[in-house]
Amino acid sequence: VQLQASGGGLVQPGGSLRLSCAASGGTLSRFTTGWFRQAPGKERELIAAIRGSSTTTYYTNSMKGRITISRDNAKNTVHLQMNSLKPEDTAVYYCASRWSWSVQPSSWPSADFAYWGQGTQVTVSS
């Protein structure tokens, strides 16, 4: 499975971005797909995930209410809508997929994700 992340860019504080993760070589509805971000000097963190063949979602507490993850099965794409962006949201954002969903997504290690996109830079600055 190959994942292609896109949609990053420069946005002013309070603005919005929609990231996309397009898949080829596999069907995303069969996988759990997540969005990670990694800011300079910080660890990569899972911020959202959506369960395959389901609408079950997970959001990290620090971004809950500002982000929405969704899947478009027809386009085999997972989106991450981000609103009310803050300078501290500046990071490289990655999409990744794993085979299963388990309890406590906040504890899922990155190594459990078998497939990764290349990352897309999000910069929030005035």
# chains A, B, ... in the order shown; residues from 1 in each chain; ligands from 1
>>> residues_around(residues="A:Thr68", least_positions_apart="3", cutoff="7 Å", atoms="only C-alpha atoms", output="ChimeraX atom specification")
/A:80-82
>>> residues_around(residues="A:Ser84", least_positions_apart="3", cutoff="7 Å", atoms="only C-alpha atoms", output="list in words")
Pro13, Gly14, Gly15, Ser16 and Arg66 of chain A
>>> residues_around(residues="A:Ile50", least_positions_apart="4", cutoff="7 Å", atoms="only C-alpha atoms", output="list in words")
Thr32, Thr33, Gly34, Thr55, Thr56, Thr57, Tyr58 and Ile69 of chain A
>>> select_by_dssp(residues="chain A", states="strand (DSSP E or B)", output="compact mmCIF listing (two decimals) with all heavy atoms, in the first residue's frame")
# COMPACT_ATOMS: atom_id res chain seq x y z
N GLN A 2 0.60 2.13 -0.90
CA GLN A 2 1.34 3.40 -0.96
C GLN A 2 0.38 4.53 -0.55
O GLN A 2 -0.75 4.57 -1.02
CB GLN A 2 1.89 3.68 -2.36
CG GLN A 2 3.00 2.73 -2.79
CD GLN A 2 2.46 1.40 -3.26
OE1 GLN A 2 1.50 1.34 -4.01
NE2 GLN A 2 3.08 0.32 -2.81
N LEU A 3 0.87 5.39 0.33
CA LEU A 3 0.08 6.52 0.80
C LEU A 3 0.73 7.82 0.33
O LEU A 3 1.95 7.97 0.42
CB LEU A 3 -0.03 6.51 2.32
CG LEU A 3 -0.64 5.26 2.95
CD1 LEU A 3 -0.64 5.38 4.47
CD2 LEU A 3 -2.03 5.00 2.43
N GLN A 4 -0.09 8.74 -0.12
CA GLN A 4 0.39 10.03 -0.59
C GLN A 4 -0.35 11.13 0.19
O GLN A 4 -1.55 11.31 0.00
CB GLN A 4 0.12 10.17 -2.09
CG GLN A 4 0.57 11.50 -2.69
CD GLN A 4 2.06 11.57 -2.89
OE1 GLN A 4 2.71 10.57 -3.15
NE2 GLN A 4 2.62 12.76 -2.75
N ALA A 5 0.41 11.83 1.02
CA ALA A 5 -0.17 12.92 1.80
C ALA A 5 -0.03 14.23 1.05
O ALA A 5 0.98 14.47 0.39
CB ALA A 5 0.51 13.01 3.15
N SER A 6 -1.05 15.07 1.18
CA SER A 6 -1.02 16.37 0.52
C SER A 6 -1.90 17.35 1.29
O SER A 6 -2.64 16.96 2.19
CB SER A 6 -1.50 16.25 -0.93
OG SER A 6 -2.84 15.80 -0.97
N GLY A 9 0.66 23.47 3.95
CA GLY A 9 1.02 24.78 3.44
C GLY A 9 1.15 25.78 4.56
O GLY A 9 1.19 25.41 5.74
N LEU A 10 1.23 27.03 4.16
CA LEU A 10 1.34 28.14 5.11
C LEU A 10 -0.04 28.73 5.33
O LEU A 10 -0.74 29.06 4.35
CB LEU A 10 2.29 29.20 4.56
CG LEU A 10 2.40 30.50 5.36
CD1 LEU A 10 2.99 30.23 6.74
CD2 LEU A 10 3.25 31.52 4.59
N VAL A 11 -0.43 28.86 6.58
CA VAL A 11 -1.74 29.41 6.91
C VAL A 11 -1.60 30.35 8.10
O VAL A 11 -0.74 30.14 8.95
CB VAL A 11 -2.75 28.27 7.19
CG1 VAL A 11 -2.33 27.46 8.40
CG2 VAL A 11 -4.17 28.80 7.34
N LEU A 17 -7.01 24.19 7.17
CA LEU A 17 -6.39 23.39 6.10
C LEU A 17 -7.08 22.04 6.07
O LEU A 17 -7.55 21.54 7.10
CB LEU A 17 -4.90 23.18 6.36
CG LEU A 17 -3.92 24.29 6.00
CD1 LEU A 17 -2.51 23.88 6.42
CD2 LEU A 17 -3.94 24.61 4.52
N ARG A 18 -7.09 21.46 4.89
CA ARG A 18 -7.61 20.10 4.74
C ARG A 18 -6.51 19.25 4.15
O ARG A 18 -6.08 19.45 3.01
CB ARG A 18 -8.82 20.09 3.81
CG ARG A 18 -9.53 18.74 3.75
CD ARG A 18 -10.49 18.73 2.59
NE ARG A 18 -11.44 17.64 2.66
CZ ARG A 18 -12.08 17.14 1.60
NH1 ARG A 18 -11.84 17.64 0.41
NH2 ARG A 18 -12.95 16.16 1.74
N LEU A 19 -6.04 18.29 4.94
CA LEU A 19 -5.03 17.36 4.47
C LEU A 19 -5.70 16.14 3.87
O LEU A 19 -6.79 15.73 4.31
CB LEU A 19 -4.13 16.94 5.63
CG LEU A 19 -3.47 18.06 6.43
CD1 LEU A 19 -2.53 17.46 7.47
CD2 LEU A 19 -2.73 19.04 5.53
N SER A 20 -5.04 15.57 2.88
CA SER A 20 -5.57 14.38 2.23
C SER A 20 -4.50 13.29 2.21
O SER A 20 -3.31 13.58 2.09
CB SER A 20 -6.01 14.70 0.80
OG SER A 20 -7.07 15.62 0.81
N CYS A 21 -4.95 12.06 2.32
CA CYS A 21 -4.07 10.89 2.26
C CYS A 21 -4.68 9.93 1.26
O CYS A 21 -5.67 9.26 1.56
CB CYS A 21 -3.97 10.26 3.64
SG CYS A 21 -2.95 8.76 3.71
N ALA A 22 -4.11 9.91 0.07
CA ALA A 22 -4.61 9.06 -0.99
C ALA A 22 -3.84 7.75 -1.02
O ALA A 22 -2.62 7.75 -0.93
CB ALA A 22 -4.49 9.77 -2.34
N ALA A 23 -4.56 6.65 -1.17
CA ALA A 23 -3.94 5.34 -1.14
C ALA A 23 -3.99 4.67 -2.51
O ALA A 23 -4.93 4.86 -3.28
CB ALA A 23 -4.63 4.46 -0.12
N SER A 24 -2.95 3.89 -2.77
CA SER A 24 -2.94 3.04 -3.95
C SER A 24 -2.38 1.69 -3.55
O SER A 24 -1.62 1.59 -2.58
CB SER A 24 -2.10 3.66 -5.07
OG SER A 24 -0.78 3.87 -4.64
N THR A 32 -7.10 0.67 9.48
CA THR A 32 -7.21 1.83 10.35
C THR A 32 -6.17 2.84 9.87
O THR A 32 -4.99 2.49 9.71
CB THR A 32 -6.93 1.46 11.81
OG1 THR A 32 -8.07 0.72 12.30
CG2 THR A 32 -6.72 2.68 12.67
N THR A 33 -6.59 4.06 9.64
CA THR A 33 -5.68 5.09 9.15
C THR A 33 -5.63 6.24 10.13
O THR A 33 -6.65 6.67 10.66
CB THR A 33 -6.14 5.61 7.77
OG1 THR A 33 -6.12 4.51 6.85
CG2 THR A 33 -5.20 6.69 7.25
N GLY A 34 -4.43 6.70 10.36
CA GLY A 34 -4.23 7.78 11.31
C GLY A 34 -3.42 8.92 10.73
O GLY A 34 -2.75 8.77 9.70
N TRP A 35 -3.50 10.05 11.39
CA TRP A 35 -2.66 11.21 11.09
C TRP A 35 -1.76 11.46 12.31
O TRP A 35 -2.24 11.54 13.44
CB TRP A 35 -3.50 12.45 10.80
CG TRP A 35 -4.11 12.45 9.43
CD1 TRP A 35 -5.36 12.04 9.09
CD2 TRP A 35 -3.47 12.89 8.23
NE1 TRP A 35 -5.55 12.20 7.73
CE2 TRP A 35 -4.40 12.72 7.18
CE3 TRP A 35 -2.22 13.42 7.92
CZ2 TRP A 35 -4.12 13.05 5.85
CZ3 TRP A 35 -1.95 13.74 6.60
CH2 TRP A 35 -2.89 13.56 5.59
N PHE A 36 -0.48 11.56 12.01
CA PHE A 36 0.51 11.91 13.00
C PHE A 36 1.04 13.31 12.68
O PHE A 36 0.94 13.77 11.54
CB PHE A 36 1.70 10.94 12.95
CG PHE A 36 1.41 9.56 13.44
CD1 PHE A 36 0.72 8.65 12.65
CD2 PHE A 36 1.85 9.14 14.68
CE1 PHE A 36 0.47 7.35 13.08
CE2 PHE A 36 1.62 7.85 15.13
CZ PHE A 36 0.94 6.95 14.33
N ARG A 37 1.66 13.90 13.66
CA ARG A 37 2.42 15.12 13.38
C ARG A 37 3.70 15.09 14.20
O ARG A 37 3.77 14.48 15.27
CB ARG A 37 1.62 16.38 13.71
CG ARG A 37 1.34 16.63 15.18
CD ARG A 37 0.56 17.92 15.35
NE ARG A 37 0.31 18.22 16.76
CZ ARG A 37 -0.35 19.28 17.19
NH1 ARG A 37 -0.85 20.17 16.31
NH2 ARG A 37 -0.54 19.49 18.47
N GLN A 38 4.71 15.76 13.67
CA GLN A 38 5.99 15.85 14.35
C GLN A 38 6.52 17.26 14.20
O GLN A 38 6.84 17.70 13.08
CB GLN A 38 6.99 14.84 13.82
CG GLN A 38 8.28 14.80 14.62
CD GLN A 38 9.12 13.59 14.29
OE1 GLN A 38 8.99 12.97 13.25
NE2 GLN A 38 10.00 13.22 15.22
N GLU A 45 3.49 12.29 17.16
CA GLU A 45 2.30 11.96 17.94
C GLU A 45 1.12 11.69 17.04
O GLU A 45 0.93 12.34 15.99
CB GLU A 45 1.96 13.11 18.91
CG GLU A 45 1.58 14.41 18.25
CD GLU A 45 0.98 15.44 19.21
OE1 GLU A 45 0.30 15.04 20.19
OE2 GLU A 45 1.18 16.64 18.97
N LEU A 46 0.32 10.73 17.44
CA LEU A 46 -0.92 10.41 16.73
C LEU A 46 -1.97 11.41 17.15
O LEU A 46 -2.25 11.56 18.35
CB LEU A 46 -1.37 9.00 17.09
CG LEU A 46 -2.69 8.53 16.48
CD1 LEU A 46 -2.57 8.41 14.96
CD2 LEU A 46 -3.12 7.20 17.09
N ILE A 47 -2.56 12.11 16.18
CA ILE A 47 -3.56 13.11 16.52
C ILE A 47 -4.97 12.70 16.14
O ILE A 47 -5.94 13.22 16.69
CB ILE A 47 -3.22 14.48 15.90
CG1 ILE A 47 -3.18 14.40 14.37
CG2 ILE A 47 -1.90 15.02 16.45
CD1 ILE A 47 -3.04 15.76 13.70
N ALA A 48 -5.11 11.78 15.21
CA ALA A 48 -6.45 11.35 14.81
C ALA A 48 -6.35 9.99 14.12
O ALA A 48 -5.31 9.67 13.53
CB ALA A 48 -7.11 12.36 13.86
N ALA A 49 -7.42 9.24 14.20
CA ALA A 49 -7.46 7.94 13.51
C ALA A 49 -8.90 7.59 13.18
O ALA A 49 -9.83 8.02 13.89
CB ALA A 49 -6.83 6.85 14.36
N ILE A 50 -9.06 6.81 12.13
CA ILE A 50 -10.39 6.34 11.75
C ILE A 50 -10.31 4.85 11.46
O ILE A 50 -9.38 4.38 10.80
CB ILE A 50 -10.94 7.14 10.54
CG1 ILE A 50 -12.38 6.74 10.24
CG2 ILE A 50 -10.04 7.00 9.31
CD1 ILE A 50 -13.09 7.71 9.30
N THR A 57 -13.82 6.92 15.39
CA THR A 57 -12.69 7.82 15.27
C THR A 57 -12.02 8.05 16.63
O THR A 57 -12.61 7.78 17.69
CB THR A 57 -13.12 9.19 14.70
OG1 THR A 57 -14.16 9.73 15.54
CG2 THR A 57 -13.61 9.07 13.27
N TYR A 58 -10.82 8.56 16.54
CA TYR A 58 -10.05 8.94 17.72
C TYR A 58 -9.45 10.31 17.46
O TYR A 58 -9.00 10.58 16.33
CB TYR A 58 -8.93 7.94 18.00
CG TYR A 58 -7.82 8.52 18.86
CD1 TYR A 58 -7.96 8.61 20.23
CD2 TYR A 58 -6.67 9.01 18.27
CE1 TYR A 58 -6.96 9.16 21.02
CE2 TYR A 58 -5.66 9.56 19.04
CZ TYR A 58 -5.81 9.64 20.42
OH TYR A 58 -4.83 10.20 21.19
N TYR A 59 -9.44 11.15 18.50
CA TYR A 59 -8.77 12.45 18.42
C TYR A 59 -7.97 12.67 19.70
O TYR A 59 -8.43 12.37 20.80
CB TYR A 59 -9.78 13.59 18.28
CG TYR A 59 -10.63 13.50 17.04
CD1 TYR A 59 -11.94 13.06 17.09
CD2 TYR A 59 -10.09 13.84 15.80
CE1 TYR A 59 -12.72 12.97 15.94
CE2 TYR A 59 -10.86 13.76 14.65
CZ TYR A 59 -12.16 13.32 14.72
OH TYR A 59 -12.91 13.22 13.59
N ILE A 67 -10.26 19.40 14.86
CA ILE A 67 -9.93 18.54 13.73
C ILE A 67 -11.03 17.51 13.52
O ILE A 67 -11.71 17.10 14.47
CB ILE A 67 -8.57 17.83 13.91
CG1 ILE A 67 -8.55 16.98 15.17
CG2 ILE A 67 -7.45 18.87 13.92
CD1 ILE A 67 -7.27 16.14 15.32
N THR A 68 -11.17 17.09 12.27
CA THR A 68 -12.12 16.06 11.90
C THR A 68 -11.48 15.14 10.88
O THR A 68 -10.97 15.61 9.85
CB THR A 68 -13.40 16.66 11.30
OG1 THR A 68 -13.99 17.58 12.23
CG2 THR A 68 -14.42 15.56 10.99
N ILE A 69 -11.48 13.85 11.17
CA ILE A 69 -10.95 12.87 10.23
C ILE A 69 -12.13 12.20 9.53
O ILE A 69 -13.17 11.93 10.15
CB ILE A 69 -10.05 11.84 10.94
CG1 ILE A 69 -9.31 10.98 9.91
CG2 ILE A 69 -10.83 10.99 11.92
CD1 ILE A 69 -8.20 10.11 10.54
N SER A 70 -11.97 11.95 8.25
CA SER A 70 -13.04 11.31 7.49
C SER A 70 -12.42 10.47 6.38
O SER A 70 -11.25 10.65 6.02
CB SER A 70 -13.99 12.35 6.90
OG SER A 70 -13.30 13.22 6.01
N ARG A 71 -13.22 9.58 5.85
CA ARG A 71 -12.73 8.72 4.76
C ARG A 71 -13.72 8.79 3.60
O ARG A 71 -14.94 8.70 3.79
CB ARG A 71 -12.60 7.27 5.24
CG ARG A 71 -11.97 6.33 4.22
CD ARG A 71 -11.80 4.91 4.78
NE ARG A 71 -13.06 4.40 5.26
CZ ARG A 71 -13.28 4.10 6.53
NH1 ARG A 71 -12.35 4.27 7.45
NH2 ARG A 71 -14.46 3.63 6.88
N ASP A 72 -13.18 8.94 2.41
CA ASP A 72 -13.96 8.92 1.18
C ASP A 72 -13.65 7.60 0.49
O ASP A 72 -12.60 7.45 -0.15
CB ASP A 72 -13.57 10.12 0.30
CG ASP A 72 -14.40 10.22 -0.97
OD1 ASP A 72 -14.93 9.18 -1.42
OD2 ASP A 72 -14.50 11.32 -1.52
N THR A 77 -9.45 7.70 -0.05
CA THR A 77 -8.70 8.81 0.54
C THR A 77 -9.23 9.08 1.95
O THR A 77 -10.44 8.98 2.20
CB THR A 77 -8.84 10.07 -0.33
OG1 THR A 77 -8.31 9.80 -1.62
CG2 THR A 77 -8.11 11.25 0.29
N VAL A 78 -8.30 9.41 2.84
CA VAL A 78 -8.67 9.87 4.19
C VAL A 78 -8.29 11.34 4.28
O VAL A 78 -7.20 11.73 3.87
CB VAL A 78 -7.95 9.05 5.27
CG1 VAL A 78 -8.10 9.70 6.64
CG2 VAL A 78 -8.52 7.63 5.31
N HIS A 79 -9.21 12.13 4.82
CA HIS A 79 -8.98 13.56 4.96
C HIS A 79 -8.84 13.93 6.43
O HIS A 79 -9.38 13.26 7.32
CB HIS A 79 -10.16 14.35 4.38
CG HIS A 79 -10.39 14.11 2.94
ND1 HIS A 79 -9.54 14.58 1.95
CD2 HIS A 79 -11.37 13.43 2.29
CE1 HIS A 79 -10.00 14.22 0.77
NE2 HIS A 79 -11.10 13.51 0.95
N LEU A 80 -8.11 15.02 6.67
CA LEU A 80 -8.04 15.61 8.00
C LEU A 80 -8.35 17.09 7.85
O LEU A 80 -7.53 17.84 7.29
CB LEU A 80 -6.67 15.41 8.64
CG LEU A 80 -6.55 15.95 10.06
CD1 LEU A 80 -7.37 15.08 11.02
CD2 LEU A 80 -5.10 16.00 10.52
N GLN A 81 -9.51 17.50 8.33
CA GLN A 81 -9.89 18.90 8.31
C GLN A 81 -9.41 19.54 9.61
O GLN A 81 -9.73 19.04 10.70
CB GLN A 81 -11.42 19.05 8.20
CG GLN A 81 -11.91 20.47 8.25
CD GLN A 81 -11.52 21.27 7.02
OE1 GLN A 81 -11.56 20.77 5.90
NE2 GLN A 81 -11.12 22.52 7.22
N MET A 82 -8.63 20.59 9.48
CA MET A 82 -8.08 21.26 10.65
C MET A 82 -8.54 22.72 10.65
O MET A 82 -8.34 23.44 9.67
CB MET A 82 -6.56 21.20 10.64
CG MET A 82 -6.01 19.79 10.61
SD MET A 82 -4.23 19.72 10.95
CE MET A 82 -3.59 20.59 9.53
N ALA A 91 4.06 21.76 12.09
CA ALA A 91 4.69 20.44 12.15
C ALA A 91 4.63 19.81 10.76
O ALA A 91 3.95 20.32 9.86
CB ALA A 91 3.96 19.54 13.15
N VAL A 92 5.33 18.71 10.64
CA VAL A 92 5.14 17.84 9.48
C VAL A 92 4.06 16.83 9.84
O VAL A 92 4.12 16.20 10.89
CB VAL A 92 6.43 17.12 9.08
CG1 VAL A 92 6.18 16.21 7.88
CG2 VAL A 92 7.53 18.13 8.76
N TYR A 93 3.07 16.72 8.97
CA TYR A 93 1.94 15.83 9.20
C TYR A 93 2.06 14.61 8.30
O TYR A 93 2.30 14.73 7.10
CB TYR A 93 0.63 16.56 8.95
CG TYR A 93 0.29 17.54 10.05
CD1 TYR A 93 1.03 18.71 10.22
CD2 TYR A 93 -0.76 17.30 10.94
CE1 TYR A 93 0.74 19.61 11.24
CE2 TYR A 93 -1.07 18.19 11.96
CZ TYR A 93 -0.31 19.34 12.11
OH TYR A 93 -0.60 20.23 13.12
N TYR A 94 1.89 13.44 8.91
CA TYR A 94 2.02 12.17 8.19
C TYR A 94 0.72 11.38 8.32
O TYR A 94 0.09 11.37 9.38
CB TYR A 94 3.13 11.31 8.80
CG TYR A 94 4.50 11.91 8.79
CD1 TYR A 94 4.95 12.72 9.84
CD2 TYR A 94 5.39 11.65 7.74
CE1 TYR A 94 6.21 13.26 9.84
CE2 TYR A 94 6.67 12.19 7.75
CZ TYR A 94 7.07 12.99 8.79
OH TYR A 94 8.34 13.53 8.79
N CYS A 95 0.36 10.71 7.25
CA CYS A 95 -0.70 9.72 7.37
C CYS A 95 -0.07 8.33 7.37
O CYS A 95 1.01 8.12 6.82
CB CYS A 95 -1.73 9.85 6.25
SG CYS A 95 -1.11 9.60 4.57
N ALA A 96 -0.75 7.41 8.03
CA ALA A 96 -0.23 6.05 8.15
C ALA A 96 -1.39 5.10 8.37
O ALA A 96 -2.43 5.49 8.91
CB ALA A 96 0.77 5.97 9.30
N SER A 97 -1.19 3.86 7.99
CA SER A 97 -2.25 2.86 8.13
C SER A 97 -1.74 1.62 8.84
O SER A 97 -0.57 1.24 8.70
CB SER A 97 -2.80 2.48 6.75
OG SER A 97 -3.50 3.56 6.16
N ARG A 98 -2.63 1.02 9.58
CA ARG A 98 -2.35 -0.23 10.28
C ARG A 98 -3.51 -1.18 10.05
O ARG A 98 -4.61 -0.77 9.66
CB ARG A 98 -2.14 0.01 11.77
CG ARG A 98 -3.26 0.77 12.46
CD ARG A 98 -2.98 0.97 13.95
NE ARG A 98 -3.35 -0.21 14.72
CZ ARG A 98 -2.98 -0.40 15.97
NH1 ARG A 98 -2.20 0.48 16.59
NH2 ARG A 98 -3.38 -1.47 16.62
N TYR A 115 2.20 1.17 7.00
CA TYR A 115 2.30 1.98 5.77
C TYR A 115 2.27 3.46 6.12
O TYR A 115 1.44 3.90 6.91
CB TYR A 115 1.15 1.62 4.82
CG TYR A 115 1.02 0.14 4.58
CD1 TYR A 115 0.02 -0.60 5.20
CD2 TYR A 115 1.94 -0.52 3.77
CE1 TYR A 115 -0.08 -1.96 5.00
CE2 TYR A 115 1.84 -1.89 3.58
CZ TYR A 115 0.83 -2.61 4.20
OH TYR A 115 0.74 -3.95 4.01
N TRP A 116 3.18 4.21 5.49
CA TRP A 116 3.33 5.62 5.79
C TRP A 116 3.35 6.46 4.52
O TRP A 116 3.95 6.05 3.52
CB TRP A 116 4.64 5.86 6.56
CG TRP A 116 4.60 5.35 7.96
CD1 TRP A 116 4.80 4.07 8.39
CD2 TRP A 116 4.31 6.12 9.13
NE1 TRP A 116 4.66 3.99 9.75
CE2 TRP A 116 4.37 5.24 10.23
CE3 TRP A 116 4.01 7.46 9.36
CZ2 TRP A 116 4.14 5.66 11.55
CZ3 TRP A 116 3.79 7.88 10.65
CH2 TRP A 116 3.85 6.99 11.73
N THR A 120 3.58 16.01 5.01
CA THR A 120 3.29 17.29 4.39
C THR A 120 3.45 18.38 5.46
O THR A 120 2.99 18.22 6.59
CB THR A 120 1.87 17.30 3.77
OG1 THR A 120 1.64 18.53 3.08
CG2 THR A 120 0.77 17.07 4.80
N GLN A 121 4.14 19.44 5.11
CA GLN A 121 4.47 20.49 6.07
C GLN A 121 3.28 21.42 6.27
O GLN A 121 2.70 21.92 5.29
CB GLN A 121 5.67 21.30 5.58
CG GLN A 121 6.03 22.50 6.46
CD GLN A 121 6.64 22.09 7.78
OE1 GLN A 121 7.51 21.23 7.85
NE2 GLN A 121 6.17 22.71 8.86
N VAL A 122 2.96 21.66 7.53
CA VAL A 122 1.95 22.66 7.88
C VAL A 122 2.64 23.73 8.72
O VAL A 122 3.27 23.42 9.73
CB VAL A 122 0.79 22.02 8.69
CG1 VAL A 122 -0.13 23.11 9.24
CG2 VAL A 122 0.02 21.05 7.81
N THR A 123 2.56 24.95 8.26
CA THR A 123 3.16 26.07 8.98
C THR A 123 2.07 27.09 9.28
O THR A 123 1.38 27.56 8.36
CB THR A 123 4.26 26.73 8.15
OG1 THR A 123 5.27 25.75 7.84
CG2 THR A 123 4.91 27.88 8.92
N VAL A 124 1.92 27.39 10.57
CA VAL A 124 0.90 28.36 11.00
C VAL A 124 1.64 29.60 11.50
O VAL A 124 2.31 29.57 12.53
CB VAL A 124 0.00 27.79 12.10
CG1 VAL A 124 -1.11 28.79 12.44
CG2 VAL A 124 -0.59 26.45 11.66
>>> select_by_dssp(residues="chain A", states="helix (DSSP H, G or I)", output="list in words")
Leu28, Ser29, Arg30, Pro87, Glu88, Asp89, Pro105, Ser106, Ser107, Ser110, Ala111 and Asp112 of chain A
>>> closest_residue(among="A:Gly26, A:Gln12, A:Ala39, A:Ser126", to="A:Lys75", atoms="only C-alpha atoms")
A:Gly26
>>> closest_residue(among="A:Phe113, A:Gly52, A:Asp89, A:Ser29", to="A:Gly8", atoms="only C-alpha atoms")
A:Asp89
>>> closest_residue(among="A:Arg51, A:Gly119, A:Val1, A:Ser62", to="A:Ser102", atoms="only C-alpha atoms")
A:Arg51
>>> atom_distance(atom1="atom CA of A:Ser53", atom2="atom CA of A:Ser110")
21.4 Å
>>> atom_distance(atom1="atom CA of A:Phe31", atom2="atom CA of A:Trp101")
8.4 Å
